[in-house]
file upload_10.txt (compact mmCIF, C-alpha atoms and all ligand atoms)
# COMPACT_ATOMS: atom_id res chain seq x y z
CA MET E 28 -11.21 -7.92 12.23
CA SER E 29 -8.86 -10.66 13.23
CA LEU E 30 -7.18 -12.54 10.40
CA GLU E 31 -9.32 -14.98 8.47
CA LYS E 32 -8.16 -18.32 7.11
CA ALA E 33 -7.44 -18.09 3.39
CA VAL E 34 -9.59 -21.14 2.70
CA ASP E 35 -12.61 -19.46 4.32
CA ILE E 36 -12.10 -16.30 2.27
CA LEU E 37 -11.77 -18.39 -0.90
CA ARG E 38 -14.84 -20.51 -0.19
CA TYR E 39 -16.78 -17.28 0.26
CA ALA E 40 -15.37 -16.03 -3.06
CA ASP E 41 -16.40 -19.28 -4.72
CA ARG E 42 -19.98 -18.88 -3.52
CA GLN E 43 -19.98 -15.33 -4.94
CA LYS E 44 -18.42 -16.68 -8.17
CA LYS E 45 -15.57 -14.21 -7.68
CA CYS E 46 -11.83 -14.28 -7.18
CA VAL E 47 -9.62 -12.91 -4.41
CA VAL E 48 -6.18 -11.53 -5.17
CA GLY E 49 -3.26 -12.76 -3.10
CA PHE E 50 -0.65 -10.01 -3.22
CA ASP E 51 3.02 -10.43 -2.34
CA ALA E 52 4.16 -7.58 -0.09
CA PHE E 53 7.45 -7.07 1.70
CA ASN E 54 7.36 -4.02 3.98
CA MET E 55 4.97 -1.88 5.97
CA GLU E 56 3.86 0.37 3.11
CA THR E 57 3.31 -2.43 0.62
CA ILE E 58 1.14 -4.26 3.18
CA LYS E 59 -0.80 -1.16 4.24
CA TRP E 60 -1.61 0.02 0.71
CA ILE E 61 -3.14 -3.39 -0.07
CA ILE E 62 -5.22 -3.54 3.12
CA ASP E 63 -6.37 0.10 2.85
CA THR E 64 -7.45 -0.38 -0.79
CA ALA E 65 -9.30 -3.59 0.07
CA GLU E 66 -11.08 -1.76 2.89
CA GLU E 67 -12.04 1.18 0.65
CA GLU E 68 -13.52 -1.27 -1.85
CA GLN E 69 -14.86 -3.73 0.75
CA ILE E 70 -13.16 -6.60 -1.04
CA PRO E 71 -11.51 -9.51 0.82
CA VAL E 72 -7.77 -9.83 0.28
CA ILE E 73 -4.87 -12.17 1.10
CA LEU E 74 -1.46 -10.82 2.11
CA MET E 75 1.54 -12.96 1.27
CA ILE E 76 5.30 -12.71 1.43
CA TYR E 77 7.79 -14.57 -0.71
CA PRO E 78 10.34 -16.35 1.54
CA GLY E 79 13.27 -14.62 -0.20
CA ASP E 80 11.89 -11.27 0.97
CA LYS E 81 12.32 -12.17 4.64
CA LYS E 82 15.69 -10.46 4.29
CA ILE E 83 13.69 -7.23 3.97
CA MET E 84 11.11 -8.10 6.61
CA PRO E 85 11.37 -11.11 8.94
CA LEU E 86 8.38 -13.46 8.63
CA SER E 87 7.26 -12.83 12.22
CA THR E 88 7.39 -9.06 11.66
CA PHE E 89 5.40 -9.40 8.43
CA ALA E 90 2.78 -11.44 10.30
CA ALA E 91 2.62 -9.00 13.23
CA VAL E 92 2.19 -5.94 10.98
CA THR E 93 -0.43 -7.64 8.80
CA ARG E 94 -2.36 -8.86 11.84
CA ASP E 95 -2.31 -5.39 13.40
CA LEU E 96 -3.46 -3.62 10.22
CA ALA E 97 -6.13 -6.26 9.55
CA ALA E 98 -7.53 -5.65 13.04
CA LYS E 99 -8.20 -2.03 12.09
CA VAL E 100 -10.45 -2.82 9.09
CA LYS E 101 -13.74 -4.57 8.43
CA THR E 102 -12.92 -6.37 5.20
CA PRO E 103 -11.62 -9.96 5.59
CA VAL E 104 -7.83 -10.22 5.42
CA GLY E 105 -5.86 -13.46 5.08
CA LEU E 106 -2.15 -14.02 5.72
CA MET E 107 -0.21 -16.72 3.90
CA LEU E 108 3.40 -17.62 3.28
CA ASP E 109 3.86 -17.70 -0.51
CA HIS E 110 5.80 -20.66 -1.93
CA GLY E 111 7.09 -22.17 1.29
CA PRO E 112 9.96 -24.28 -0.11
CA ASP E 113 10.25 -26.87 2.65
CA PHE E 114 8.99 -28.03 6.04
CA ALA E 115 11.49 -25.92 8.01
CA THR E 116 10.53 -22.65 6.32
CA THR E 117 6.80 -23.30 6.70
CA MET E 118 7.33 -24.01 10.40
CA GLU E 119 9.28 -20.76 10.75
CA ALA E 120 6.21 -18.99 9.35
CA VAL E 121 3.91 -20.93 11.69
CA ARG E 122 5.99 -19.87 14.68
CA GLY E 123 5.95 -16.33 13.30
CA GLY E 124 2.15 -16.22 13.41
CA PHE E 125 1.01 -17.02 9.87
CA SER E 126 -2.62 -18.15 9.74
CA SER E 127 -2.46 -19.85 6.30
CA MET E 128 0.38 -21.63 4.55
CA MET E 129 1.60 -22.54 1.11
CA ILE E 130 4.00 -25.42 0.59
CA ASP E 131 5.31 -25.65 -2.95
CA THR E 132 7.26 -28.78 -3.74
CA SER E 133 5.76 -29.01 -7.22
CA HIS E 134 9.20 -29.12 -8.87
CA LEU E 135 9.76 -32.54 -7.29
CA ASP E 136 8.31 -35.78 -8.64
CA PHE E 137 4.70 -36.56 -7.79
CA GLU E 138 5.37 -38.96 -4.91
CA GLU E 139 7.85 -36.62 -3.23
CA ASN E 140 5.49 -33.65 -3.73
CA VAL E 141 2.73 -35.69 -2.05
CA ARG E 142 5.01 -36.73 0.82
CA GLN E 143 6.37 -33.26 1.65
CA THR E 144 3.02 -31.51 1.18
CA ALA E 145 1.21 -34.06 3.37
CA GLU E 146 3.78 -33.55 6.11
CA VAL E 147 3.14 -29.79 6.19
CA VAL E 148 -0.63 -30.29 5.98
CA LYS E 149 -0.65 -32.71 8.91
CA THR E 150 1.27 -30.31 11.16
CA CYS E 151 -0.57 -27.17 10.03
CA HIS E 152 -4.01 -28.75 10.41
CA ALA E 153 -3.15 -29.75 13.97
CA LEU E 154 -2.51 -26.05 14.59
CA GLY E 155 -5.66 -24.84 12.80
CA ILE E 156 -3.77 -23.53 9.78
CA ASP E 157 -5.03 -24.14 6.23
CA VAL E 158 -2.62 -25.11 3.46
CA GLU E 159 -2.23 -24.43 -0.26
CA GLY E 160 -0.25 -26.97 -2.26
CA GLU E 161 0.83 -26.90 -5.89
CA LEU E 162 0.62 -29.56 -8.55
CA GLY E 163 1.89 -29.22 -12.08
CA HIS E 164 4.77 -26.84 -11.92
CA VAL E 165 4.25 -23.12 -12.50
CA GLY E 166 7.69 -22.14 -13.75
CA VAL E 167 9.32 -18.89 -14.76
CA ALA E 168 7.96 -16.61 -17.48
CA SER E 169 11.40 -15.88 -18.90
CA ASN E 170 11.48 -19.53 -20.04
CA GLU E 171 8.76 -19.98 -22.68
CA ALA E 172 8.67 -23.77 -22.36
CA ASP E 173 7.60 -23.42 -18.72
CA TYR E 174 4.19 -22.08 -19.74
CA LYS E 175 3.81 -23.42 -23.29
CA ASN E 176 4.69 -27.06 -22.68
CA ALA E 177 1.58 -28.94 -21.53
CA ASP E 178 3.81 -31.55 -19.86
CA ASN E 179 4.16 -29.00 -17.04
CA PHE E 180 0.39 -28.56 -16.72
CA THR E 181 -1.72 -30.14 -13.98
CA ARG E 182 -3.32 -33.46 -14.86
CA VAL E 183 -6.95 -33.82 -13.79
CA ASP E 184 -6.59 -37.34 -12.37
CA LYS E 185 -3.41 -36.40 -10.53
CA ALA E 186 -5.08 -33.33 -9.01
CA VAL E 187 -7.81 -35.52 -7.55
CA GLU E 188 -5.25 -37.98 -6.19
CA PHE E 189 -3.03 -35.19 -4.82
CA ILE E 190 -5.87 -33.55 -2.89
CA GLU E 191 -7.00 -36.88 -1.50
CA ARG E 192 -3.55 -38.02 -0.39
CA THR E 193 -2.23 -34.70 0.98
CA GLY E 194 -5.38 -33.18 2.48
CA VAL E 195 -4.57 -29.72 1.06
CA ASP E 196 -7.31 -27.10 1.46
CA ILE E 197 -6.36 -25.05 -1.59
CA LEU E 198 -4.63 -26.09 -4.82
CA ALA E 199 -2.41 -24.05 -7.14
CA ILE E 200 -2.57 -25.47 -10.63
CA SER E 201 -0.54 -25.09 -13.79
CA ILE E 202 -2.62 -24.24 -16.87
CA GLY E 203 -0.25 -22.08 -18.88
CA THR E 204 1.02 -19.33 -16.57
CA ALA E 205 4.46 -18.66 -15.13
CA HIS E 206 6.17 -16.33 -12.65
CA GLY E 207 7.73 -13.02 -13.66
CA SER E 208 7.50 -11.18 -16.98
CA TYR E 209 6.38 -13.22 -20.01
CA VAL E 210 8.55 -13.30 -23.13
CA SER E 211 5.43 -13.99 -25.24
CA ALA E 212 1.69 -13.82 -24.50
CA PRO E 213 0.53 -16.79 -22.41
CA LYS E 214 -2.53 -18.78 -23.45
CA LEU E 215 -4.40 -20.44 -20.61
CA ASP E 216 -5.68 -24.00 -20.98
CA LEU E 217 -9.24 -23.15 -19.92
CA GLU E 218 -10.61 -26.54 -20.87
CA ARG E 219 -8.21 -28.20 -18.46
CA LEU E 220 -9.22 -25.71 -15.76
CA GLU E 221 -12.89 -26.59 -16.26
CA GLN E 222 -12.10 -30.28 -15.97
CA ILE E 223 -10.02 -29.82 -12.80
CA ASN E 224 -12.72 -27.64 -11.27
CA ALA E 225 -15.40 -30.21 -12.06
CA ALA E 226 -13.37 -33.08 -10.62
CA THR E 227 -12.34 -31.32 -7.37
CA ASP E 228 -14.12 -29.29 -4.72
CA ILE E 229 -11.45 -27.11 -3.13
CA PRO E 230 -10.52 -23.55 -4.17
CA LEU E 231 -8.09 -23.34 -7.11
CA VAL E 232 -5.28 -20.82 -7.47
CA LEU E 233 -3.67 -19.22 -10.50
CA HIS E 234 -0.06 -18.12 -10.00
CA GLY E 235 1.80 -15.89 -12.45
CA GLY E 236 -1.01 -13.36 -12.89
CA THR E 237 1.23 -10.52 -14.09
CA GLY E 238 0.92 -10.04 -17.84
CA VAL E 239 -1.94 -12.47 -18.48
CA PRO E 240 -4.47 -10.71 -20.76
CA GLU E 241 -7.55 -9.52 -18.84
CA ASP E 242 -10.02 -11.53 -20.91
CA GLN E 243 -8.14 -14.72 -20.09
CA LEU E 244 -8.07 -13.88 -16.41
CA LYS E 245 -11.83 -13.24 -16.41
CA ALA E 246 -12.40 -16.52 -18.22
CA ALA E 247 -10.30 -18.30 -15.58
CA PHE E 248 -12.27 -16.68 -12.72
CA ALA E 249 -15.52 -17.79 -14.37
CA ARG E 250 -14.20 -21.36 -14.57
CA GLY E 251 -13.24 -21.81 -10.94
CA ILE E 252 -10.09 -19.84 -10.11
CA ASN E 253 -10.78 -18.33 -6.67
CA LYS E 254 -7.32 -16.89 -5.93
CA LEU E 255 -5.06 -14.97 -8.25
CA ASN E 256 -1.46 -14.63 -7.08
CA TYR E 257 -0.06 -11.26 -7.99
CA ALA E 258 3.55 -10.45 -7.16
CA THR E 259 5.74 -9.25 -10.03
CA GLY E 260 3.23 -6.69 -11.30
CA TYR E 261 3.02 -5.04 -7.88
CA LYS E 262 6.78 -4.83 -7.49
CA LEU E 263 7.19 -3.42 -11.01
CA LYS E 264 4.50 -0.81 -10.40
CA LEU E 265 5.98 0.26 -7.06
CA TYR E 266 9.30 0.87 -8.74
CA ALA E 267 7.76 2.69 -11.72
CA VAL E 268 5.62 4.95 -9.53
CA ALA E 269 8.57 5.84 -7.28
CA LYS E 270 10.73 6.60 -10.32
CA GLU E 271 8.07 8.76 -11.93
CA ILE E 272 7.50 10.81 -8.77
CA MET E 273 11.23 11.34 -8.28
CA GLU E 274 11.72 12.33 -11.91
CA ARG E 275 8.85 14.83 -11.73
CA GLY E 276 10.73 16.44 -8.88
CA GLU E 277 7.68 17.98 -7.21
CA ILE E 278 8.32 16.54 -3.76
CA ARG E 279 10.99 17.29 -1.21
CA PRO E 280 13.84 14.79 -1.63
CA ARG E 281 12.88 12.80 1.47
CA MET E 282 11.94 9.12 1.65
CA SER E 283 8.91 9.95 3.80
CA ASP E 284 7.61 12.39 1.17
CA LEU E 285 8.12 9.80 -1.54
CA VAL E 286 6.16 7.18 0.43
CA MET E 287 3.29 9.60 0.95
CA ALA E 288 3.24 10.62 -2.71
CA MET E 289 3.11 6.96 -3.77
CA GLU E 290 0.00 6.16 -1.78
CA GLN E 291 -2.73 7.39 -4.15
CA PRO E 292 -1.28 6.00 -7.41
CA MET E 293 -0.69 2.65 -5.69
CA HIS E 294 -4.27 2.57 -4.36
CA GLU E 295 -5.53 3.20 -7.88
CA PHE E 296 -3.40 0.42 -9.32
CA LEU E 297 -4.41 -2.09 -6.62
CA ARG E 298 -8.07 -1.16 -6.98
CA GLY E 299 -7.92 -2.02 -10.68
CA ILE E 300 -6.65 -5.55 -10.03
CA MET E 301 -8.97 -6.19 -7.11
CA ARG E 302 -12.00 -5.03 -9.13
CA LEU E 303 -11.02 -7.17 -12.10
CA ALA E 304 -11.13 -10.25 -9.87
CA TRP E 305 -14.04 -9.07 -7.70
CA PRO E 306 -16.43 -7.03 -9.86
CA GLU E 307 -19.24 -5.13 -8.14
ZN ZN W 1 3.58 -18.32 -7.39
call {"tool": "encode", "arguments": {"input": "upload_10.txt", "output": "structure tokens", "more": "lines below"}}
Ligand SMILES: [Zn+2]
result
Amino acid sequence: MSLEKAVDILRYADRQKKCVVGFDAFNMETIKWIIDTAEEEQIPVILMIYPGDKKIMPLSTFAAVTRDLAAKVKTPVGLMLDHGPDFATTMEAVRGGFSSMMIDTSHLDFEENVRQTAEVVKTCHALGIDVEGELGHVGVASNEADYKNADNFTRVDKAVEFIERTGVDILAISIGTAHGSYVSAPKLDLERLEQINAATDIPLVLHGGTGVPEDQLKAAFARGINKLNYATGYKLKLYAVAKEIMERGEIRPRMSDLVMAMEQPMHEFLRGIMRLAWPE
């Protein structure tokens, strides 16, 4: 199939009362393992790349590979830039062929976040590209205050105003998660999520999925989270699986043999996360 807009995939997920995982990938194998697993399970999926990883794979190359692999499968595949930091970077992704966009200026004050997000939305919408914005900053998990301090969480009234003024199609919210590896167990503000979901009618996204206890994730999916961003956990697992295979020493010491040996354990891992968000 050709690439689908993320917002269409997420609206479909919302109707099914399920959640789609947006995975951060960064090279051919990490893209292909995600798409192949999604196809095996017949679960929609969204491929993303973090802008910093364009040093590994240029954005246009990431888009071309994802588009080509998506065309070979039946399950819906979306393609989004993760955490576009500014207008210029999002436009680089647009020129590179991205079909959905995220602009994250949530670290700025509300008015500036509105202004920069609206600018990206206006341009992207003119090109038929849907946009995810972020309100209430999702910080880093190594800093406990980032996910424990409710001052960083999304306010319900501000979420309504933000959607109205920017025109975003998808909204990432802050309800107690953070990026990276948590220093202590996070506790999601599910009541706030329910209120935001009731007050808005666009798909909501939870960033910082790695390390959130499964029961809390399930509770978040049941209360209106339609996209779970998953990045750190995938990268950690890729490294761990490669290390384990090399240490076992059962393969020939060739990169190609390592890549092939990684495929099945990575499929299994990805299947687990996809099925958590999208139960049968
Ligand atoms: Zn994120």
call {"tool": "residues_near_ligand", "arguments": {"input": "upload_10.txt", "ligand": "ligand ZN 1 (chain W)", "cutoff": "7 Å", "atoms": "only C-alpha atoms and all ligand atoms", "output": "ChimeraX atom specification"}}
result
/E:109-110,206,234-235,256
call {"tool": "residues_around", "arguments": {"input": "upload_10.txt", "residues": "stretch 82-85 of chain E", "least_positions_apart": "5", "cutoff": "10 Å", "atoms": "only C-alpha atoms", "output": "PDB file with C-alpha atoms, in the coordinates of the input"}}
result
ATOM      1  CA  ALA E  52       4.160  -7.580  -0.090  1.00  0.00           C
ATOM      2  CA  PHE E  53       7.450  -7.070   1.700  1.00  0.00           C
ATOM      3  CA  ASN E  54       7.360  -4.020   3.980  1.00  0.00           C
ATOM      4  CA  MET E  55       4.970  -1.880   5.970  1.00  0.00           C
ATOM      5  CA  ILE E  76       5.300 -12.710   1.430  1.00  0.00           C
ATOM      6  CA  ALA E  90       2.780 -11.440  10.300  1.00  0.00           C
ATOM      7  CA  ALA E  91       2.620  -9.000  13.230  1.00  0.00           C
ATOM      8  CA  ALA E 120       6.210 -18.990   9.350  1.00  0.00           C
ATOM      9  CA  GLY E 123       5.950 -16.330  13.300  1.00  0.00           C
TER      10      GLY E 123
END
call {"tool": "closest_residue", "arguments": {"input": "upload_10.txt", "among": "E:Ala269, E:Thr93, E:Ile229, E:Ser127", "to": "E:Val187", "atoms": "all atoms listed in the file"}}
result
E:Ile229
call {"tool": "closest_residue", "arguments": {"input": "upload_10.txt", "among": "E:Leu86, E:Thr259, E:Ile190, E:Thr150", "to": "E:Val167", "atoms": "all atoms listed in the file"}}
result
E:Thr259
call {"tool": "atom_distance", "arguments": {"input": "upload_10.txt", "atom1": "atom CA of E:Lys81", "atom2": "atom CA of E:Gly160"}}
result
20.6 Å
call {"tool": "atom_distance", "arguments": {"input": "upload_10.txt", "atom1": "atom CA of E:Ala33", "atom2": "atom CA of E:Phe296"}}
result
22.8 Å
call {"tool": "closest_residue", "arguments": {"input": "upload_10.txt", "among": "E:Leu233, E:Ala115, E:Val104, E:Ala225", "to": "E:Leu162", "atoms": "only C-alpha atoms"}}
result
E:Leu233
call {"tool": "atom_distance", "arguments": {"input": "upload_10.txt", "atom1": "atom CA of E:Gly105", "atom2": "atom CA of E:Val34"}}
result
8.9 Å
call {"tool": "residues_around", "arguments": {"input": "upload_10.txt", "residues": "stretch 219-222 of chain E", "least_positions_apart": "5", "cutoff": "8 Å", "atoms": "all atoms listed in the file", "output": "number ranges by chain"}}
result
E: 183, 202, 247, 250-251
call {"tool": "residues_around", "arguments": {"input": "upload_10.txt", "residues": "stretch 58-69 of chain E", "least_positions_apart": "2", "cutoff": "8 Å", "atoms": "all atoms listed in the file", "output": "list in words"}}
result
Phe50, Ala52, Phe53, Asn54, Met55, Glu56, Pro71, Val72, Leu74, Thr93, Leu96, Ala97, Val100, Lys101, Thr102, Val104, Glu290, Met293, His294, Leu297, Arg298 and Met301 of chain E
call {"tool": "residues_near_point", "arguments": {"input": "upload_10.txt", "point": "(5.6, -33.1, -5.5)", "cutoff": "12 Å", "atoms": "all atoms listed in the file", "output": "count of residues only"}}
result
32
call {"tool": "residues_around", "arguments": {"input": "upload_10.txt", "residues": "E:Phe125", "least_positions_apart": "3", "cutoff": "8 Å", "atoms": "all atoms listed in the file", "output": "list of chain:residue names"}}
result
E:Ser87, E:Ala90, E:Leu106, E:Met107, E:Leu108, E:Ala120, E:Val121, E:Arg122, E:Met128
call {"tool": "write_last_selection", "arguments": {"input": "upload_10.txt", "atoms": "C-alpha atoms", "output": "CSV table (one decimal), in the frame of the given file"}}
result
chain,number,residue,atom,x,y,z
E,87,SER,CA,7.3,-12.8,12.2
E,90,ALA,CA,2.8,-11.4,10.3
E,106,LEU,CA,-2.2,-14.0,5.7
E,107,MET,CA,-0.2,-16.7,3.9
E,108,LEU,CA,3.4,-17.6,3.3
E,120,ALA,CA,6.2,-19.0,9.4
E,121,VAL,CA,3.9,-20.9,11.7
E,122,ARG,CA,6.0,-19.9,14.7
E,128,MET,CA,0.4,-21.6,4.6
call {"tool": "axis_aligned_box", "arguments": {"input": "upload_10.txt", "around": "stretch 90-100 of chain E", "padding_each_side": "8 Å", "output": "JSON"}}
result
{"center_x": -3.8, "center_y": -6.7, "center_z": 11.1, "size_x": 29.2, "size_y": 25.4, "size_z": 20.6}
call {"tool": "closest_residue", "arguments": {"input": "upload_10.txt", "among": "E:Leu215, E:Pro280, E:Thr88, E:Pro103", "to": "E:Gly124", "atoms": "only C-alpha atoms"}}
result
E:Thr88
call {"tool": "closest_residue", "arguments": {"input": "upload_10.txt", "among": "E:Pro78, E:Gly299, E:Gly207, E:Gly166", "to": "E:Glu241", "atoms": "all atoms listed in the file"}}
result
E:Gly299
call {"tool": "closest_residue", "arguments": {"input": "upload_10.txt", "among": "E:Ile223, E:Val232, E:Tyr261, E:Lys44", "to": "E:Ser208", "atoms": "all atoms listed in the file"}}
result
E:Tyr261
call {"tool": "residues_around", "arguments": {"input": "upload_10.txt", "residues": "E:Ala168", "least_positions_apart": "2", "cutoff": "12 Å", "atoms": "all atoms listed in the file", "output": "list in words"}}
result
Val165, Gly166, Asn170, Glu171, Ala172, Asp173, Tyr174, Lys175, Gly203, Thr204, Ala205, His206, Gly207, Ser208, Tyr209, Val210, Ser211, Ala212, Pro213, His234, Gly235, Gly236, Thr237, Gly238, Val239 and Thr259 of chain E
